[in-house]
Amino acid sequence: MIQGHAIEPPQVLKDFGVSAIRPYGPQALILVFADDNDRKLDLIHPLASHWLKHPIPNLLNVVPASDSITLIFEHDVDLKAVTHAAERASKLGLEPITPQHHEVPISYDQAPDIHAVCDALDLTVAQFQQLHSETLYRADMLGFIPGFAYLSGLPATLRMPRKATPRTHVPPGSVAIAEQYCAIYPLDSPGGWHLIGHTELPLLDWQREPFCPIKPSDTVRFIPT
Amino acid sequence: MMNDKGHWRITQGGMFSTLQDAGRFHQAHLGLPPSGALDRPAMRRANRMVNNPADAAVIEITLTGLSFQTTVECSIAVSGACFELQVNQNRVSDQQTIHLNPGDHFSMGQLLSGARAYLAVAGGFDVPLYFGSHSTYSRAQLGGFQGRAFEKGDRLALKRPHKTNSQQQATWQRPKKTPRHIIRALPGPEYPYFSDQVHRIIWSQAVQVGTDSDRMGLRITTSQPLLSETTITSAGLIPGTLQVTPSGAGIISLNDGPCTGGYPRLLQVVPEHIHLLAQIKPNERIHWFRNQA
């Protein structure tokens, strides 16, 4: 594989919606799903989930995202093994994902950025709360820190760029927005998103598998308390 | 404590000393990074010196040394960065397995070269597994010893302490005492979207490693910013990737770094050189060498 150059995917991966394969060093590759594919999240998550259940040899991690799946291997990527794994997925058929739905209690009033955000968006806190809590969100992917789900679906009227200066500490349970996403911070962490609410939902439990409630493709609705 | 097979009382934790093994996998889709020893070959060498399985948990020691007193006889070995080592205040060689008796005090003094040392004990440490690994991910207080770096007064339980019968001599070379590191890299996924000027800068000029570097990543700066017009949707991120931030600075992700990233990925360190990143100190310099592949 020549680094920096996309590869034409084999037909079996095209059938799953993969429009290009991009090498990512010798031991990882990125399956890219085309921008204009409206169904891409319905293709990405079942395929990623299939490979988590039926691992490709030497596969260390599968990272589904909003328009890609990254496959990370212990040794150099064997494109034939990936093609073979896709053929097997095709033969077995992908199980449709039954996303779990989460109702997340939220309080908006005390959040550090709620008033600044409402001022910037020219909304009252009550209007913001209504728009934010009537939306059904979907976890496009997890990342940044464990259990941190990028929740898509934020109404266009609630979108804000990231803060110019990130906070050094965001308390766990903070509900935040930036650009097209909403998220909940499971851990104390630095963060550049706007903190618009807080939840008491337990977000990490290392004794459980999975260790976080919200998983890729799950849906979320915030319930004001 | 029940069933105490022997333990170490930590008398000096050092700047940042954590238990690490080969890492924690199959959890990145939930945002959990692999963690694990940054210099994996050094971890394996230390384990080999005490006849442990190669990927047994070891203590990764960063920049300043760890010291402890043992209640039980045991054999230890140190690899990776080179420190002055002492047992009961007598200098010992770091090039061979070290045998300790009950009550002995082992201490690590001045750092001579490298940045991270790996300390193995014959029979291993007695700490719980989380998702198949003993590695510490301190940011989430997960794994290793109570999810954190060692502190003075900690009591670290040993699993099967014993003296190995081997008198092994180290066969490896210690990290060189040099402020300049040559690291081989390949173009990253977004390399084609950077300008020719950025391509010229990155292959021709040394980059400086910042003091705010840690197990999540090495922060680097160049004499001219690495400006890019590329934006990407967030996607998977692996250790050894040089990402470029909007200000034109760089972050080389390491084992505790995020599983996804939204900054364009300019370079990827080749797998055979990732462990060298572990031995770079703040304010030292990296020269990129373009790998032919």
# chains A, B, ... in the order shown; residues from 1 in each chain; ligands from 1

call {"tool": "interface_residues", "arguments": {"of": "chain B", "to": "chain A", "cutoff": "7 Å", "atoms": "only C-alpha atoms", "output": "JSON list (two decimals) with C-alpha atoms, in the first residue's frame"}}
result
[["chain", "number", "residue", "atom", "x", "y", "z"],
["B", 25, "PHE", "CA", -7.43, -3.75, 23.08],
["B", 26, "HIS", "CA", -10.89, -4.27, 21.53],
["B", 27, "GLN", "CA", -12.31, -1.27, 23.45],
["B", 28, "ALA", "CA", -11.38, 1.66, 21.18],
["B", 29, "HIS", "CA", -14.93, 1.81, 19.72],
["B", 30, "LEU", "CA", -15.96, 2.87, 23.25],
["B", 31, "GLY", "CA", -13.20, 5.45, 23.41],
["B", 32, "LEU", "CA", -10.78, 3.48, 25.59],
["B", 140, "ALA", "CA", -9.59, 7.52, 33.79],
["B", 186, "LEU", "CA", 5.55, 7.72, 6.49],
["B", 187, "PRO", "CA", 3.07, 10.18, 5.02],
["B", 188, "GLY", "CA", -0.12, 10.18, 7.11],
["B", 189, "PRO", "CA", -3.65, 9.87, 5.67],
["B", 190, "GLU", "CA", -4.02, 13.65, 5.09],
["B", 191, "TYR", "CA", -0.41, 14.24, 3.93],
["B", 192, "PRO", "CA", -1.48, 14.97, 0.32],
["B", 234, "SER", "CA", -13.21, 12.97, 13.28],
["B", 235, "ALA", "CA", -11.95, 9.45, 12.69],
["B", 236, "GLY", "CA", -9.78, 6.76, 14.25],
["B", 258, "PRO", "CA", -7.65, 9.69, 22.21],
["B", 259, "CYS", "CA", -9.07, 6.92, 19.98],
["B", 260, "THR", "CA", -10.48, 9.46, 17.52],
["B", 268, "GLN", "CA", 2.81, 8.30, 10.77],
["B", 270, "VAL", "CA", 6.77, 3.52, 11.41],
["B", 293, "ALA", "CA", 7.50, 2.37, 1.41]]

call {"tool": "select_by_dssp", "arguments": {"residues": "segment 89-260 of chain B", "states": "strand (DSSP E or B)", "output": "CSV table (one decimal) with N, CA and C atoms, in the first residue's frame"}}
result
chain,number,residue,atom,x,y,z
B,90,ASN,N,24.6,0.9,47.8
B,90,ASN,CA,25.8,0.5,47.1
B,90,ASN,C,25.4,0.5,45.6
B,91,ARG,N,26.2,1.0,44.8
B,91,ARG,CA,25.9,1.1,43.4
B,91,ARG,C,25.9,-0.3,42.8
B,92,VAL,N,24.9,-0.6,41.9
B,92,VAL,CA,24.8,-1.9,41.2
B,92,VAL,C,24.7,-1.6,39.7
B,96,GLN,N,22.5,-6.2,34.5
B,96,GLN,CA,22.3,-7.6,34.9
B,96,GLN,C,21.1,-7.7,35.8
B,98,ILE,N,19.2,-8.2,39.1
B,98,ILE,CA,19.6,-7.7,40.5
B,98,ILE,C,18.8,-8.6,41.5
B,99,HIS,N,19.5,-9.2,42.4
B,99,HIS,CA,18.8,-10.0,43.4
B,99,HIS,C,18.7,-9.3,44.7
B,100,LEU,N,17.5,-9.3,45.3
B,100,LEU,CA,17.3,-8.6,46.6
B,100,LEU,C,16.8,-9.5,47.7
B,105,HIS,N,16.8,-2.2,50.3
B,105,HIS,CA,16.2,-1.0,49.7
B,105,HIS,C,16.9,-0.7,48.4
B,106,PHE,N,16.0,-0.7,47.4
B,106,PHE,CA,16.5,-0.5,46.0
B,106,PHE,C,16.1,1.0,45.6
B,107,SER,N,17.1,1.7,45.1
B,107,SER,CA,16.8,3.1,44.7
B,107,SER,C,17.4,3.4,43.3
B,108,MET,N,16.7,4.3,42.6
B,108,MET,CA,17.1,4.8,41.3
B,108,MET,C,17.5,6.2,41.5
B,109,GLY,N,18.7,6.6,41.1
B,109,GLY,CA,19.2,7.9,41.3
B,109,GLY,C,19.1,8.7,40.0
B,110,GLN,N,20.3,9.3,39.6
B,110,GLN,CA,20.3,10.2,38.5
B,110,GLN,C,20.0,9.5,37.2
B,111,LEU,N,19.3,10.2,36.3
B,111,LEU,CA,19.0,9.7,35.0
B,111,LEU,C,20.2,10.0,34.1
B,112,LEU,N,20.7,9.0,33.4
B,112,LEU,CA,21.9,9.1,32.6
B,112,LEU,C,21.6,9.3,31.1
B,113,SER,N,20.6,8.5,30.7
B,113,SER,CA,20.2,8.6,29.3
B,113,SER,C,18.8,8.1,29.1
B,114,GLY,N,18.1,8.6,28.0
B,114,GLY,CA,16.7,8.2,27.8
B,114,GLY,C,15.7,8.9,28.7
B,115,ALA,N,14.5,8.5,28.7
B,115,ALA,CA,13.5,9.1,29.4
B,115,ALA,C,12.6,8.2,30.2
B,116,ARG,N,12.5,6.9,29.8
B,116,ARG,CA,11.6,6.0,30.5
B,116,ARG,C,12.3,4.6,30.7
B,117,ALA,N,12.3,4.2,32.0
B,117,ALA,CA,12.9,2.9,32.3
B,117,ALA,C,11.8,2.0,32.7
B,118,TYR,N,12.1,0.7,32.5
B,118,TYR,CA,11.1,-0.4,32.8
B,118,TYR,C,11.7,-1.4,33.8
B,119,LEU,N,10.9,-1.5,34.9
B,119,LEU,CA,11.4,-2.4,36.0
B,119,LEU,C,10.5,-3.6,36.1
B,120,ALA,N,11.1,-4.8,36.0
B,120,ALA,CA,10.4,-6.0,36.0
B,120,ALA,C,10.8,-6.8,37.3
B,121,VAL,N,9.9,-7.6,37.9
B,121,VAL,CA,10.2,-8.4,39.0
B,121,VAL,C,9.8,-9.9,38.6
B,125,PHE,N,3.7,-8.7,39.4
B,125,PHE,CA,3.0,-7.9,40.4
B,125,PHE,C,1.6,-8.4,40.6
B,130,TYR,N,-8.0,-5.4,34.0
B,130,TYR,CA,-9.2,-4.8,33.5
B,130,TYR,C,-9.2,-4.9,32.0
B,133,SER,N,-6.0,-6.4,30.7
B,133,SER,CA,-4.7,-5.8,30.8
B,133,SER,C,-4.5,-5.2,32.2
B,137,TYR,N,-4.3,3.4,33.0
B,137,TYR,CA,-4.7,4.6,32.2
B,137,TYR,C,-5.1,5.6,33.2
B,142,LEU,N,-8.0,4.0,35.7
B,142,LEU,CA,-8.2,2.6,35.4
B,142,LEU,C,-7.0,1.8,35.4
B,155,ARG,N,1.9,0.4,49.0
B,155,ARG,CA,2.3,-1.0,49.2
B,155,ARG,C,2.0,-1.8,48.0
B,156,LEU,N,2.9,-2.3,47.3
B,156,LEU,CA,2.7,-3.0,46.0
B,156,LEU,C,2.9,-4.5,46.2
B,157,ALA,N,1.8,-5.2,46.1
B,157,ALA,CA,1.9,-6.7,46.3
B,157,ALA,C,2.6,-7.4,45.1
B,158,LEU,N,3.4,-8.4,45.4
B,158,LEU,CA,4.0,-9.2,44.4
B,158,LEU,C,3.2,-10.5,44.3
B,169,GLN,N,23.1,-11.3,31.8
B,169,GLN,CA,23.7,-10.0,31.4
B,169,GLN,C,22.9,-9.4,30.3
B,180,ARG,N,19.1,14.8,20.0
B,180,ARG,CA,18.6,14.8,18.6
B,180,ARG,C,18.2,13.3,18.3
B,181,HIS,N,17.0,13.1,17.9
B,181,HIS,CA,16.5,11.8,17.6
B,181,HIS,C,16.0,11.7,16.2
B,182,ILE,N,16.5,10.6,15.5
B,182,ILE,CA,16.1,10.4,14.1
B,182,ILE,C,15.0,9.4,14.1
B,183,ILE,N,13.8,9.8,13.7
B,183,ILE,CA,12.6,9.0,13.7
B,183,ILE,C,12.1,8.8,12.3
B,184,ARG,N,11.9,7.5,11.9
B,184,ARG,CA,11.4,7.2,10.6
B,184,ARG,C,9.9,7.3,10.5
B,185,ALA,N,9.4,8.0,9.5
B,185,ALA,CA,7.9,8.2,9.4
B,185,ALA,C,7.5,8.0,7.9
B,186,LEU,N,6.2,7.8,7.8
B,186,LEU,CA,5.5,7.7,6.5
B,186,LEU,C,4.5,8.9,6.4
B,187,PRO,N,4.2,9.2,5.1
B,187,PRO,CA,3.1,10.2,5.0
B,187,PRO,C,1.8,9.7,5.7
B,207,VAL,N,12.1,19.3,14.7
B,207,VAL,CA,10.9,19.8,15.4
B,207,VAL,C,11.3,19.6,16.9
B,208,GLN,N,10.8,20.5,17.7
B,208,GLN,CA,11.1,20.5,19.2
B,208,GLN,C,10.0,20.0,20.0
B,209,VAL,N,10.4,19.1,20.9
B,209,VAL,CA,9.3,18.5,21.8
B,209,VAL,C,9.1,19.3,23.0
B,217,GLY,N,0.5,12.2,24.5
B,217,GLY,CA,1.1,12.7,23.2
B,217,GLY,C,2.3,13.5,23.5
B,218,LEU,N,3.2,13.6,22.4
B,218,LEU,CA,4.3,14.6,22.4
B,218,LEU,C,3.9,15.8,21.7
B,219,ARG,N,3.9,16.9,22.4
B,219,ARG,CA,3.6,18.2,21.7
B,219,ARG,C,4.9,18.7,21.0
B,220,ILE,N,4.7,19.0,19.7
B,220,ILE,CA,5.9,19.5,19.0
B,220,ILE,C,5.7,20.9,18.3
B,221,THR,N,6.8,21.6,18.2
B,221,THR,CA,6.7,22.9,17.5
B,221,THR,C,7.8,22.9,16.4
B,235,ALA,N,-12.1,10.9,13.1
B,235,ALA,CA,-12.0,9.5,12.7
B,235,ALA,C,-10.9,8.8,13.6
B,236,GLY,N,-10.7,7.5,13.4
B,236,GLY,CA,-9.8,6.8,14.2
B,236,GLY,C,-8.4,7.4,14.3
B,241,THR,N,0.9,9.0,15.4
B,241,THR,CA,0.4,9.8,14.4
B,241,THR,C,0.7,11.3,14.7
B,242,LEU,N,1.3,12.0,13.8
B,242,LEU,CA,1.5,13.4,13.9
B,242,LEU,C,0.3,14.2,13.4
B,243,GLN,N,-0.5,14.7,14.3
B,243,GLN,CA,-1.6,15.6,13.9
B,243,GLN,C,-1.2,17.0,14.0
B,244,VAL,N,-1.8,17.8,13.1
B,244,VAL,CA,-1.5,19.2,13.1
B,244,VAL,C,-2.7,20.0,13.6
B,250,GLY,N,2.0,20.7,16.4
B,250,GLY,CA,1.7,19.3,16.2
B,250,GLY,C,1.6,18.5,17.5
B,251,ILE,N,0.9,17.4,17.4
B,251,ILE,CA,0.8,16.5,18.5
B,251,ILE,C,1.1,15.1,18.0
B,252,ILE,N,2.1,14.4,18.5
B,252,ILE,CA,2.3,13.0,18.1
B,252,ILE,C,1.6,12.1,19.2
B,253,SER,N,0.5,11.4,18.7
B,253,SER,CA,-0.3,10.7,19.7
B,253,SER,C,0.5,9.5,20.2
B,260,THR,N,-10.1,8.8,18.8
B,260,THR,CA,-10.5,9.5,17.5
B,260,THR,C,-9.9,10.9,17.6

call {"tool": "closest_residue", "arguments": {"among": "B:Gly124, B:Gly261, B:Pro239, B:Pro246", "to": "Trp8 of chain B", "atoms": "only C-alpha atoms"}}
result
B:Gly124

call {"tool": "select_by_dssp", "arguments": {"residues": "segment 6-181 of chain A", "states": "alpha helix (DSSP H)", "output": "PyMOL selection string"}}
result
chain A and resi 11-15+40-53+79-92+114-121+125-133

call {"tool": "write_last_selection", "arguments": {"atoms": "C-alpha atoms", "output": "PDB file, in the first residue's frame"}}
result
ATOM      1  CA  GLN A  11     -16.401  -5.037  -4.913  1.00  0.00           C
ATOM      2  CA  VAL A  12     -17.491  -6.772  -1.706  1.00  0.00           C
ATOM      3  CA  LEU A  13     -16.535  -3.673   0.322  1.00  0.00           C
ATOM      4  CA  LYS A  14     -18.155  -1.365  -2.252  1.00  0.00           C
ATOM      5  CA  ASP A  15     -21.331  -3.369  -1.700  1.00  0.00           C
ATOM      6  CA  LYS A  40     -23.722   5.508   5.734  1.00  0.00           C
ATOM      7  CA  LEU A  41     -24.351   5.310   9.497  1.00  0.00           C
ATOM      8  CA  ASP A  42     -26.686   2.366   8.880  1.00  0.00           C
ATOM      9  CA  LEU A  43     -23.826   0.691   7.015  1.00  0.00           C
ATOM     10  CA  ILE A  44     -20.893   1.706   9.239  1.00  0.00           C
ATOM     11  CA  HIS A  45     -22.217   0.526  12.597  1.00  0.00           C
ATOM     12  CA  PRO A  46     -23.491  -2.935  11.599  1.00  0.00           C
ATOM     13  CA  LEU A  47     -20.232  -3.642   9.744  1.00  0.00           C
ATOM     14  CA  ALA A  48     -18.061  -2.409  12.644  1.00  0.00           C
ATOM     15  CA  SER A  49     -20.200  -4.382  15.072  1.00  0.00           C
ATOM     16  CA  HIS A  50     -19.850  -7.521  12.917  1.00  0.00           C
ATOM     17  CA  TRP A  51     -16.048  -7.261  13.038  1.00  0.00           C
ATOM     18  CA  LEU A  52     -16.096  -6.737  16.803  1.00  0.00           C
ATOM     19  CA  LYS A  53     -17.985 -10.026  17.107  1.00  0.00           C
ATOM     20  CA  LEU A  79      -5.675  -6.540   2.507  1.00  0.00           C
ATOM     21  CA  LYS A  80      -6.593 -10.081   1.427  1.00  0.00           C
ATOM     22  CA  ALA A  81      -7.630 -10.922   5.003  1.00  0.00           C
ATOM     23  CA  VAL A  82      -9.811  -7.788   5.103  1.00  0.00           C
ATOM     24  CA  THR A  83     -11.424  -8.701   1.785  1.00  0.00           C
ATOM     25  CA  HIS A  84     -11.953 -12.256   3.019  1.00  0.00           C
ATOM     26  CA  ALA A  85     -13.536 -10.912   6.237  1.00  0.00           C
ATOM     27  CA  ALA A  86     -15.850  -8.719   4.169  1.00  0.00           C
ATOM     28  CA  GLU A  87     -16.817 -11.717   2.037  1.00  0.00           C
ATOM     29  CA  ARG A  88     -17.621 -13.650   5.196  1.00  0.00           C
ATOM     30  CA  ALA A  89     -19.690 -10.721   6.512  1.00  0.00           C
ATOM     31  CA  SER A  90     -21.517 -10.681   3.191  1.00  0.00           C
ATOM     32  CA  LYS A  91     -22.175 -14.426   3.346  1.00  0.00           C
ATOM     33  CA  LEU A  92     -23.344 -14.382   6.978  1.00  0.00           C
ATOM     34  CA  ILE A 114     -25.890  28.251  29.402  1.00  0.00           C
ATOM     35  CA  HIS A 115     -26.436  32.014  29.617  1.00  0.00           C
ATOM     36  CA  ALA A 116     -23.560  32.912  27.284  1.00  0.00           C
ATOM     37  CA  VAL A 117     -24.781  30.325  24.750  1.00  0.00           C
ATOM     38  CA  CYS A 118     -28.381  31.566  24.942  1.00  0.00           C
ATOM     39  CA  ASP A 119     -27.165  35.160  24.476  1.00  0.00           C
ATOM     40  CA  ALA A 120     -25.073  34.166  21.464  1.00  0.00           C
ATOM     41  CA  LEU A 121     -27.944  32.192  19.905  1.00  0.00           C
ATOM     42  CA  VAL A 125     -32.977  29.473  28.499  1.00  0.00           C
ATOM     43  CA  ALA A 126     -36.504  28.040  28.254  1.00  0.00           C
ATOM     44  CA  GLN A 127     -36.375  28.101  24.438  1.00  0.00           C
ATOM     45  CA  PHE A 128     -32.926  26.514  24.434  1.00  0.00           C
ATOM     46  CA  GLN A 129     -34.088  23.832  26.839  1.00  0.00           C
ATOM     47  CA  GLN A 130     -37.099  23.014  24.685  1.00  0.00           C
ATOM     48  CA  LEU A 131     -35.102  22.786  21.444  1.00  0.00           C
ATOM     49  CA  HIS A 132     -32.311  20.788  23.059  1.00  0.00           C
ATOM     50  CA  SER A 133     -34.563  18.319  24.880  1.00  0.00           C
TER      51      SER A 133
END

call {"tool": "residues_around", "arguments": {"residues": "Gly132 of chain B", "least_positions_apart": "3", "cutoff": "12 Å", "atoms": "only C-alpha atoms", "output": "PyMOL selection string"}}
result
(chain A and resi 209) or (chain B and resi 21-27+34-36+56-57+127-129+135-136+143-144)

call {"tool": "atom_distance", "arguments": {"atom1": "atom CA of Asp38 of chain A", "atom2": "atom CA of Val77 of chain A"}}
result
28.9 Å

call {"tool": "residues_around", "arguments": {"residues": "Arg44 of chain B", "least_positions_apart": "5", "cutoff": "9 Å", "atoms": "only C-alpha atoms", "output": "PDB file with C-alpha atoms, in the first residue's frame"}}
result
ATOM      1  CA  ASP B  39       8.823   1.367  24.919  1.00  0.00           C
ATOM      2  CA  MET B  49      16.064 -10.791  32.318  1.00  0.00           C
ATOM      3  CA  ASN B  52       8.936 -13.593  33.002  1.00  0.00           C
ATOM      4  CA  PRO B  53       6.542 -13.866  30.064  1.00  0.00           C
ATOM      5  CA  ALA B  54       7.611 -11.077  27.679  1.00  0.00           C
ATOM      6  CA  ASP B  55       4.402  -9.080  28.083  1.00  0.00           C
ATOM      7  CA  ALA B  56       4.093  -9.315  31.897  1.00  0.00           C
ATOM      8  CA  SER B  79      15.753  -1.730  30.970  1.00  0.00           C
ATOM      9  CA  TYR B 118      11.113  -0.405  32.759  1.00  0.00           C
TER      10      TYR B 118
END

call {"tool": "atom_distance", "arguments": {"atom1": "atom CA of Asp4 of chain B", "atom2": "atom CA of Glu151 of chain B"}}
result
20.3 Å

call {"tool": "atom_distance", "arguments": {"atom1": "atom CA of Gly173 of chain A", "atom2": "atom CA of Asp140 of chain A"}}
result
19.3 Å

call {"tool": "closest_residue", "arguments": {"among": "B:Ala42, B:Ala249, B:Ala206, B:Val72", "to": "Asn101 of chain B", "atoms": "only C-alpha atoms"}}
result
B:Val72
